[in-house]
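What follows is one structure encoded as structure tokens, with my remarks underneath.
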Amino acid sequence: MRSTQIRSTFLDFFTSRGHRHVPSSPLIPSDPTLLLANAGMNQFKPYFLGEVTPEYPRATTIQKCARTSDIDNVGRTNRHATFFEMMGNFSFGDYFKADAIAYAWELLTQGYNLEKDRLWITVHQDDDEAEQLWRKIGVPAERIQRLGADNFWDMGVPGPCGPCSEVNYDRGPAFGREGGPAVDGERYVEIWNLVFMQSMRGEDDDNGTFPILGDLAQQSIDTGLGLDRLAAILQGVENVCSTDLLLPTLTTVQELAGRDYPGSGSGGEEKVSFQVVSEHARSIAYLIADGVLPAKDGRGYVLRRLMRRAIRHARMLGIDQPVLAPATASVIANLGDVWPELADQASLIEQVVTAEEESFTRTLTQGTRLLNAAITRSRGSRSTTLTGETVFELHDTYGFPVELTIEAARDAGLTVDEDRFTTLLAEQQKRAKAGGKAKTAEALRRQDAYRELSSRHGRTDFTGYDRLDTVATVLGLISDGAVVPGADQGSTLELVLDRSPFYAESGGQVGDTGTIRTSSGALLDVLDTRLGLEGFHVHTVRVLEGEIRSGEQAEALVDGPRRDAVARSHSATHVLHAMLHRTLGDHARQHGSLVDAGRLRFDFAHFSAVDPTQLAAIQALVNDHLLDDPEVRIWHATRSEAEAAGATALFGEKYGDHVRIVDIGDFSRELCGGTHVPHGANAGPVRILGEASIGSNLRRIEALTGRDALAYHDTERRLLEELSVLLGTRPQDAPEALRKRLDALTTAQQELARLRETELRTRAQHLAATARTVPGGRIVTEKVTDLGSDELRTLAINTADLLGSDHAVVVLGTERDGKALLAAAITRSLHDTGTQASQLLVPAARTVGGGAGGKGPVASAGGRYVGALDQALALAAQDATRVLDQ
């Protein structure tokens, strides 16, 4: 059964049984506690927690998932992958264990025709009910096993959880030992996990254990059937790389390596490398398509790690040419029809992986050079061990793979202090985890407070599209993550209203500010507005007058002029996005934005700098389209209708089944919940300030809009007029007049430098003529004037050169800007004896309160004790006499 049929069989089965087919959410989750989407239930978490009432009681999805917890097992087992499609069915307080078990058994044995006697079941050790349900459906007791922690599911972070029951398939004796899934997970491979979502877990401790905080408001179902594993079984192949999901990519890697993938039961490390490159290429393509770009931390680091690991294993296969671009291209060609975002972002994927592979190749070259130097130092000190500190620095600072360090050290006859490296790595990870846990704990406290208020009062009724003032009720106050009854004058806290005209920050648009006045007379300054939960507005306020109490009536008023300025920027951002597509190509898609009053910041994918000519053309296009005064039209539709109409959805944004679409003329159509001007001319003008790189293949444009753009233009005009007055010319002639002045200045400076050089040669001749003869050579020590540090060095060098092949020392001193400066130069013949100029300046430099620096025949020094300059020169003369007499 091909993977396309496996997917359609699953979706048809559950939609025919009343489940709503919900599209996969992006790999970048909206949940702040998650780095990447790692389970089908992620997008439904608010439903399980009771924060949001679902529009449907049952759902089914095929969710894109990324997990790197088992990254080291990829290629070493037949079942682990860093990316997979999780087919799932969900119940939100509708059906529970009995129906979930019955559905799974029916689909596996009838829909996919799996042999019943090869299916084994595991249940949680305390779940008598689940075991009885499986036995009732026909599974014999000897093929049901009870396990502990392996049959309790959670997301790895605080949230919904519960016991689970897993369906496992016996692949036969060729894959391992008898005894069921409790004995061998390779032979009895888990294919479907049925989670009975009923509890809420807390934060784990340092030992990885966590408390159960209580029961969820309703019992629900969350299941996950892995497409990869089922495809391997139904297609009769050893692992996912041999299924139709990845076989084209594996074939590409074989072609690049110039040899075949080892057959079943053979291959060793070579087989691992083939699978790592192929499997990681798929993860890389999907991550970039969903908006993840290489970075030093967060999800960007996950991507970078996958890319570098794939490159390293490609090199181990002898592939010295670029591998990521052709490998990801094969993923797109194979899966782009099923997942259109792959095809849509094909150009971006190619650009990102190409740039990253080039960068990592340079890293490998640099790391190899540093490693060779460390090996040479170890040998020079007669050590047989490469220190853990060296290995850690290569790994942490330069991204050099530990495996390559160990291999190179072994080839050089050295061992590696792996224990020390492991300790240093663990300490770093502990620090990072502690910081992350602190942030997570703070976020969870706030989320708990939001959840408490939301469960009592529901969503916020946002009235701000139609009006800027609203009479509302204060539903709750939050201070330091806890719900409080009231607050006094001077307090800063968070406030929740039942109805609010304040736009909550989202989609790049900043939150509204304004004022709230309560019925008791309290006056509050609204500093910011954010989404605490989906559809739940939280206002950060400062109490300016009186006392605020929960339950009071209040009048909320948005700062109108600021809202208008923000709306201008938001509409301008949509037009800028459209013009970037038109000028640079479809790959120049939005990757983030800041829409603020009078200004905007727009991040987009592009592989090179946008030159000034292009930037000027983009600005002109934006303003031309705004001057045409296109209508800004807002309409609503289902997500599928909007996509069919060509609406652009933004990376990382979460959309419901019904969406809001903003059209600007006939050239811009985006899904957007923000505020906008009614006509294009209201948004202009737009003034682009500049463009710069903010990461690999990621650029940023900053611009001003409306009155701020006009004010900037006025400022530039005044500066030009002032410059014109200073140059004595008209504004339009100022650039040419300034260019002529600068050319004349450059010529004068060059002539001055020539004259100064002639003067220094003349002074050097005079100084050389004053050289004193001492035993072993000649000495010049002199206090000079009107020289800076560079000229002082040059004069010392010129003087030493004039002293010829004799052993000679020149030490000069001067006063400049309140500091004492010294310079020393020795002749080449003296330097060849091993003498360094700096050793002649150390006591002298100490005398003027400084230190000496420089290598070879020239050295400099300086200090703040100007009055000690004569004494310093005398000391230098004594040291020079001593050195020459040796």
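Residues in the structure tokens are named by chain (A, B, ... in the order shown) and by number from 1 within that chain; ligands are numbered from 1 in the order shown.
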Quick one: pick out all strand (DSSP E) residues within region 101-274 of chain A from a backbone DSSP run and write them as a VMD selection string.
chain A and resid 119 to 124 144 to 147 152 to 153 159 to 170 188 to 201 212 to 226
Every residue of region 285-462 of chain A that DSSP places in helix (DSSP H, G or I), as a PyMOL selection string:
chain A and resi 285-289+298-316+324-335+340-344+346-380+388-396+402-411+418-457
Using only C-alpha atoms, the residue out of A:Leu293, A:Leu342, A:Ala355, A:Ala565 with shortest distance to Pro322 (chain A) is A:Ala355
For each of A:Leu840, A:Leu36, A:Ala692, A:Val157, take the minimum atom-to-atom distance to Phe210 (chain A), counting only C-alpha atoms, then give the residue where this is smallest.
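Ranked by minimum distance to Phe210 (chain A), first place goes to A:Val157.
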Set out as a tab-separated table a contact list for region 40-71 of chain A and region 80-87 of chain A with a cut-off of 12 Å, giving each residue of region 40-71 of chain A that qualifies its closest atom pair and distance in Å to one decimal, counting only C-alpha atoms, ordered by chain and rising residue number.
```
residue	atom	partner	partner_atom	distance
A:Gly40	CA	A:Met86	CA	6.2
A:Met41	CA	A:Met86	CA	9.8
A:Asn42	CA	A:Met86	CA	11.5
A:Ala59	CA	A:Met87	CA	11.0
A:Thr60	CA	A:Met87	CA	7.6
A:Thr61	CA	A:Met87	CA	5.8
A:Ile62	CA	A:Met87	CA	4.4
A:Gln63	CA	A:Met86	CA	5.1
A:Lys64	CA	A:Glu85	CA	4.9
A:Cys65	CA	A:Phe84	CA	5.5
A:Ala66	CA	A:Phe83	CA	4.6
A:Arg67	CA	A:Thr82	CA	5.0
A:Thr68	CA	A:Thr82	CA	5.3
A:Ser69	CA	A:Thr82	CA	8.1
A:Asp70	CA	A:His80	CA	6.8
A:Ile71	CA	A:Thr82	CA	6.2
```
Closest to Ala823 (chain A) among A:Leu803, A:Leu133, A:Ala872, A:Ala314, using only C-alpha atoms?
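Residue with the minimum atom-to-atom distance to Ala823 (chain A): A:Ala872.
Minimum atom-to-atom distance to Thr423 (chain A), evaluated using only C-alpha atoms, belongs to A:Gly388 out of A:Gly656, A:Gly263, A:Gly388, A:Gly367.
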Could you give me, as a list of chain:residue names, the residues within 9 Å of Gly413 (chain A), counting only C-alpha atoms and dropping anything in the same chain fewer than 3 positions from it?
A:Thr384, A:Thr385, A:Ala408, A:Ala409, A:Arg410
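The nearest approach to Ser24 (chain A) among the residues A:Ala39, A:Leu767, A:Ile319, A:Val543, with only C-alpha atoms taken into account, belongs to A:Ala39.
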Near-Ile516 (chain A) list (10 Å; only C-alpha atoms; drop same-chain fewer than 4 positions) as a list in words:
Asp469, Thr470, Val471, Ala472, Gly521, Ala522, Leu523, Leu524, Asp525, Val526, Val541, Arg542, Val543, Ala554, Glu555, Ala556, Leu557 and Val558 of chain A
With N, CA, C and O atoms retained, could you export that selection as a short mmCIF file (atom, residue, chain, number, x, y, z; two decimals), in the first residue's frame?
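Saved as selection_14.cif:
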```cif
data_model
loop_
_atom_site.label_atom_id
_atom_site.label_comp_id
_atom_site.auth_asym_id
_atom_site.auth_seq_id
_atom_site.Cartn_x
_atom_site.Cartn_y
_atom_site.Cartn_z
N ASP A 469 -13.86 52.89 21.78
CA ASP A 469 -14.23 52.98 23.20
C ASP A 469 -15.30 51.94 23.49
O ASP A 469 -16.14 51.62 22.64
N THR A 470 -15.26 51.40 24.70
CA THR A 470 -16.21 50.35 25.09
C THR A 470 -16.43 50.42 26.60
O THR A 470 -15.48 50.64 27.36
N VAL A 471 -17.66 50.22 27.01
CA VAL A 471 -17.98 50.05 28.44
C VAL A 471 -17.85 48.57 28.75
O VAL A 471 -18.42 47.73 28.04
N ALA A 472 -17.08 48.24 29.79
CA ALA A 472 -16.76 46.85 30.08
C ALA A 472 -16.76 46.60 31.57
O ALA A 472 -16.87 47.52 32.38
N GLY A 521 -13.77 55.76 39.87
CA GLY A 521 -12.92 56.92 39.62
C GLY A 521 -11.46 56.61 39.40
O GLY A 521 -10.65 57.53 39.19
N ALA A 522 -11.07 55.36 39.43
CA ALA A 522 -9.66 55.01 39.19
C ALA A 522 -9.32 55.25 37.72
O ALA A 522 -10.12 54.98 36.82
N LEU A 523 -8.11 55.77 37.49
CA LEU A 523 -7.63 56.02 36.13
C LEU A 523 -6.42 55.14 35.88
O LEU A 523 -5.45 55.17 36.64
N LEU A 524 -6.46 54.37 34.79
CA LEU A 524 -5.40 53.43 34.46
C LEU A 524 -4.80 53.78 33.10
O LEU A 524 -5.53 54.08 32.15
N ASP A 525 -3.50 53.74 33.03
CA ASP A 525 -2.77 53.91 31.78
C ASP A 525 -2.52 52.52 31.19
O ASP A 525 -1.84 51.70 31.82
N VAL A 526 -3.07 52.24 30.03
CA VAL A 526 -2.86 50.94 29.38
C VAL A 526 -1.54 51.00 28.61
O VAL A 526 -1.41 51.74 27.63
N VAL A 541 -1.34 47.41 32.74
CA VAL A 541 -1.80 48.75 33.13
C VAL A 541 -0.99 49.27 34.31
O VAL A 541 -0.43 48.51 35.09
N ARG A 542 -0.94 50.61 34.41
CA ARG A 542 -0.40 51.28 35.58
C ARG A 542 -1.52 52.12 36.19
O ARG A 542 -2.20 52.86 35.48
N VAL A 543 -1.73 51.98 37.50
CA VAL A 543 -2.80 52.71 38.18
C VAL A 543 -2.31 54.13 38.44
O VAL A 543 -1.43 54.35 39.28
N ALA A 554 -16.10 49.75 33.84
CA ALA A 554 -15.02 50.61 33.38
C ALA A 554 -15.29 51.07 31.95
O ALA A 554 -15.98 50.40 31.18
N GLU A 555 -14.73 52.23 31.61
CA GLU A 555 -14.77 52.71 30.24
C GLU A 555 -13.36 52.61 29.66
O GLU A 555 -12.41 53.20 30.18
N ALA A 556 -13.22 51.83 28.59
CA ALA A 556 -11.92 51.60 27.95
C ALA A 556 -11.83 52.45 26.70
O ALA A 556 -12.74 52.44 25.87
N LEU A 557 -10.73 53.19 26.57
CA LEU A 557 -10.55 54.09 25.44
C LEU A 557 -9.17 53.89 24.82
O LEU A 557 -8.14 54.08 25.47
N VAL A 558 -9.17 53.52 23.54
CA VAL A 558 -7.91 53.31 22.80
C VAL A 558 -7.33 54.65 22.39
O VAL A 558 -8.06 55.60 22.07
#
```
Pick out the residues sitting within 12 Å of Val416 (chain A), and hand them over as a CSV table (one decimal) with all heavy atoms, in the first residue's frame; count only C-alpha atoms, and ignore anything fewer than 6 positions along from it in its own chain.
```csv
chain,number,residue,atom,x,y,z
A,374,ALA,N,46.2,21.9,18.1
A,374,ALA,CA,46.0,21.3,19.4
A,374,ALA,C,46.8,20.0,19.5
A,374,ALA,O,47.4,19.7,20.6
A,374,ALA,CB,44.6,21.1,19.8
A,375,ILE,N,46.7,19.2,18.5
A,375,ILE,CA,47.4,17.9,18.5
A,375,ILE,C,48.9,18.1,18.6
A,375,ILE,O,49.7,17.5,19.3
A,375,ILE,CB,47.0,17.1,17.3
A,375,ILE,CG1,45.6,16.6,17.4
A,375,ILE,CG2,48.0,15.9,17.1
A,375,ILE,CD1,45.0,15.9,16.2
A,378,SER,N,49.9,19.2,22.0
A,378,SER,CA,49.9,18.0,23.0
A,378,SER,C,51.2,17.2,22.8
A,378,SER,O,51.8,16.7,23.7
A,378,SER,CB,48.7,17.2,22.7
A,378,SER,OG,47.5,17.9,23.1
A,383,SER,N,52.4,15.1,25.9
A,383,SER,CA,51.2,14.5,26.5
A,383,SER,C,50.6,13.5,25.5
A,383,SER,O,50.7,13.7,24.3
A,383,SER,CB,50.2,15.7,26.7
A,383,SER,OG,48.9,15.1,27.1
A,384,THR,N,49.9,12.5,26.1
A,384,THR,CA,49.3,11.5,25.2
A,384,THR,C,47.8,11.7,25.2
A,384,THR,O,47.1,10.9,24.6
A,384,THR,CB,49.6,10.1,25.8
A,384,THR,OG1,49.1,10.0,27.1
A,384,THR,CG2,51.1,9.8,25.8
A,385,THR,N,47.3,12.8,25.7
A,385,THR,CA,45.9,13.0,25.8
A,385,THR,C,45.5,14.4,25.3
A,385,THR,O,46.2,15.4,25.6
A,385,THR,CB,45.4,12.9,27.3
A,385,THR,OG1,45.7,11.6,27.8
A,385,THR,CG2,43.9,13.1,27.4
A,386,LEU,N,44.4,14.5,24.6
A,386,LEU,CA,43.8,15.8,24.2
A,386,LEU,C,42.8,16.1,25.2
A,386,LEU,O,41.9,15.4,25.5
A,386,LEU,CB,43.2,15.6,22.8
A,386,LEU,CG,42.9,16.9,22.0
A,386,LEU,CD1,44.2,17.5,21.6
A,386,LEU,CD2,42.1,16.5,20.7
A,387,THR,N,43.0,17.3,25.8
A,387,THR,CA,42.2,17.7,26.9
A,387,THR,C,40.7,17.9,26.6
A,387,THR,O,40.3,18.2,25.5
A,387,THR,CB,42.6,19.1,27.5
A,387,THR,OG1,42.4,20.1,26.6
A,387,THR,CG2,44.1,19.0,27.8
A,388,GLY,N,39.9,17.6,27.6
A,388,GLY,CA,38.4,17.8,27.4
A,388,GLY,C,38.0,19.2,27.1
A,388,GLY,O,37.1,19.5,26.4
A,389,GLU,N,38.8,20.2,27.6
A,389,GLU,CA,38.6,21.6,27.4
A,389,GLU,C,38.8,21.9,25.9
A,389,GLU,O,38.0,22.7,25.3
A,389,GLU,CB,39.5,22.5,28.2
A,389,GLU,CG,39.1,22.7,29.7
A,389,GLU,CD,39.5,21.4,30.5
A,389,GLU,OE1,40.2,20.5,30.0
A,389,GLU,OE2,39.1,21.4,31.7
A,390,THR,N,39.8,21.3,25.3
A,390,THR,CA,40.0,21.5,23.8
A,390,THR,C,38.9,21.0,23.0
A,390,THR,O,38.4,21.6,22.1
A,390,THR,CB,41.4,20.9,23.4
A,390,THR,OG1,42.4,21.5,24.2
A,390,THR,CG2,41.6,21.0,21.9
A,391,VAL,N,38.5,19.8,23.3
A,391,VAL,CA,37.4,19.1,22.6
A,391,VAL,C,36.1,19.9,22.7
A,391,VAL,O,35.4,20.1,21.8
A,391,VAL,CB,37.2,17.7,23.1
A,391,VAL,CG1,36.1,17.0,22.3
A,391,VAL,CG2,38.5,16.9,23.0
A,392,PHE,N,35.9,20.4,24.0
A,392,PHE,CA,34.6,21.2,24.2
A,392,PHE,C,34.7,22.5,23.4
A,392,PHE,O,33.7,22.9,22.9
A,392,PHE,CB,34.5,21.5,25.7
A,392,PHE,CG,33.2,22.2,26.0
A,392,PHE,CD1,32.0,21.6,26.0
A,392,PHE,CD2,33.2,23.6,26.3
A,392,PHE,CE1,30.8,22.3,26.3
A,392,PHE,CE2,32.1,24.3,26.6
A,392,PHE,CZ,30.9,23.6,26.6
A,402,VAL,N,32.3,16.2,17.6
A,402,VAL,CA,33.2,15.5,18.6
A,402,VAL,C,33.7,14.3,18.0
A,402,VAL,O,34.9,13.9,18.2
A,402,VAL,CB,32.3,15.2,19.8
A,402,VAL,CG1,33.2,14.4,20.8
A,402,VAL,CG2,31.8,16.5,20.5
A,403,GLU,N,32.9,13.6,17.2
A,403,GLU,CA,33.4,12.3,16.6
A,403,GLU,C,34.6,12.5,15.7
A,403,GLU,O,35.5,11.7,15.7
A,403,GLU,CB,32.2,11.7,15.7
A,403,GLU,CG,31.0,11.3,16.5
A,403,GLU,CD,30.0,12.5,16.7
A,403,GLU,OE1,30.4,13.6,16.4
A,403,GLU,OE2,28.9,12.3,17.2
A,404,LEU,N,34.7,13.6,15.0
A,404,LEU,CA,35.8,13.9,14.2
A,404,LEU,C,37.1,14.2,15.0
A,404,LEU,O,38.2,13.8,14.7
A,404,LEU,CB,35.6,15.0,13.2
A,404,LEU,CG,34.5,14.8,12.1
A,404,LEU,CD1,34.5,16.0,11.2
A,404,LEU,CD2,34.8,13.5,11.3
A,405,THR,N,36.8,14.9,16.1
A,405,THR,CA,38.0,15.2,17.0
A,405,THR,C,38.5,13.9,17.6
A,405,THR,O,39.8,13.7,17.6
A,405,THR,CB,37.5,16.1,18.2
A,405,THR,OG1,36.9,17.3,17.7
A,405,THR,CG2,38.6,16.4,19.1
A,406,ILE,N,37.7,13.0,18.0
A,406,ILE,CA,38.2,11.7,18.6
A,406,ILE,C,38.9,10.9,17.6
A,406,ILE,O,40.0,10.3,17.8
A,406,ILE,CB,37.0,10.9,19.2
A,406,ILE,CG1,36.4,11.7,20.4
A,406,ILE,CG2,37.4,9.5,19.6
A,406,ILE,CD1,35.1,11.1,20.9
A,407,GLU,N,38.3,10.9,16.3
A,407,GLU,CA,38.9,10.1,15.3
A,407,GLU,C,40.3,10.6,14.9
A,407,GLU,O,41.3,9.9,14.7
A,407,GLU,CB,38.0,10.1,14.0
A,407,GLU,CG,38.5,9.3,12.9
A,407,GLU,CD,37.6,9.4,11.7
A,407,GLU,OE1,36.4,9.6,11.9
A,407,GLU,OE2,38.1,9.1,10.6
A,408,ALA,N,40.4,12.0,14.8
A,408,ALA,CA,41.7,12.6,14.4
A,408,ALA,C,42.7,12.4,15.5
A,408,ALA,O,43.9,12.1,15.2
A,408,ALA,CB,41.5,14.1,14.1
A,409,ALA,N,42.3,12.5,16.8
A,409,ALA,CA,43.2,12.3,17.9
A,409,ALA,C,43.7,10.8,17.9
A,409,ALA,O,44.9,10.6,18.1
A,409,ALA,CB,42.5,12.6,19.2
A,410,ARG,N,42.8,9.9,17.6
A,410,ARG,CA,43.2,8.5,17.6
A,410,ARG,C,44.2,8.2,16.5
A,410,ARG,O,45.2,7.5,16.7
A,410,ARG,CB,42.0,7.6,17.4
A,410,ARG,CG,42.3,6.1,17.5
A,410,ARG,CD,41.0,5.3,17.2
A,410,ARG,NE,39.9,5.6,18.1
A,410,ARG,CZ,38.8,6.1,17.7
A,410,ARG,NH1,38.6,6.4,16.4
A,410,ARG,NH2,37.8,6.3,18.5
A,422,THR,N,32.5,15.4,28.6
A,422,THR,CA,31.1,15.1,29.0
A,422,THR,C,30.7,15.9,30.2
A,422,THR,O,29.5,16.4,30.2
A,422,THR,CB,31.0,13.6,29.4
A,422,THR,OG1,31.4,12.8,28.2
A,422,THR,CG2,29.5,13.2,29.7
```
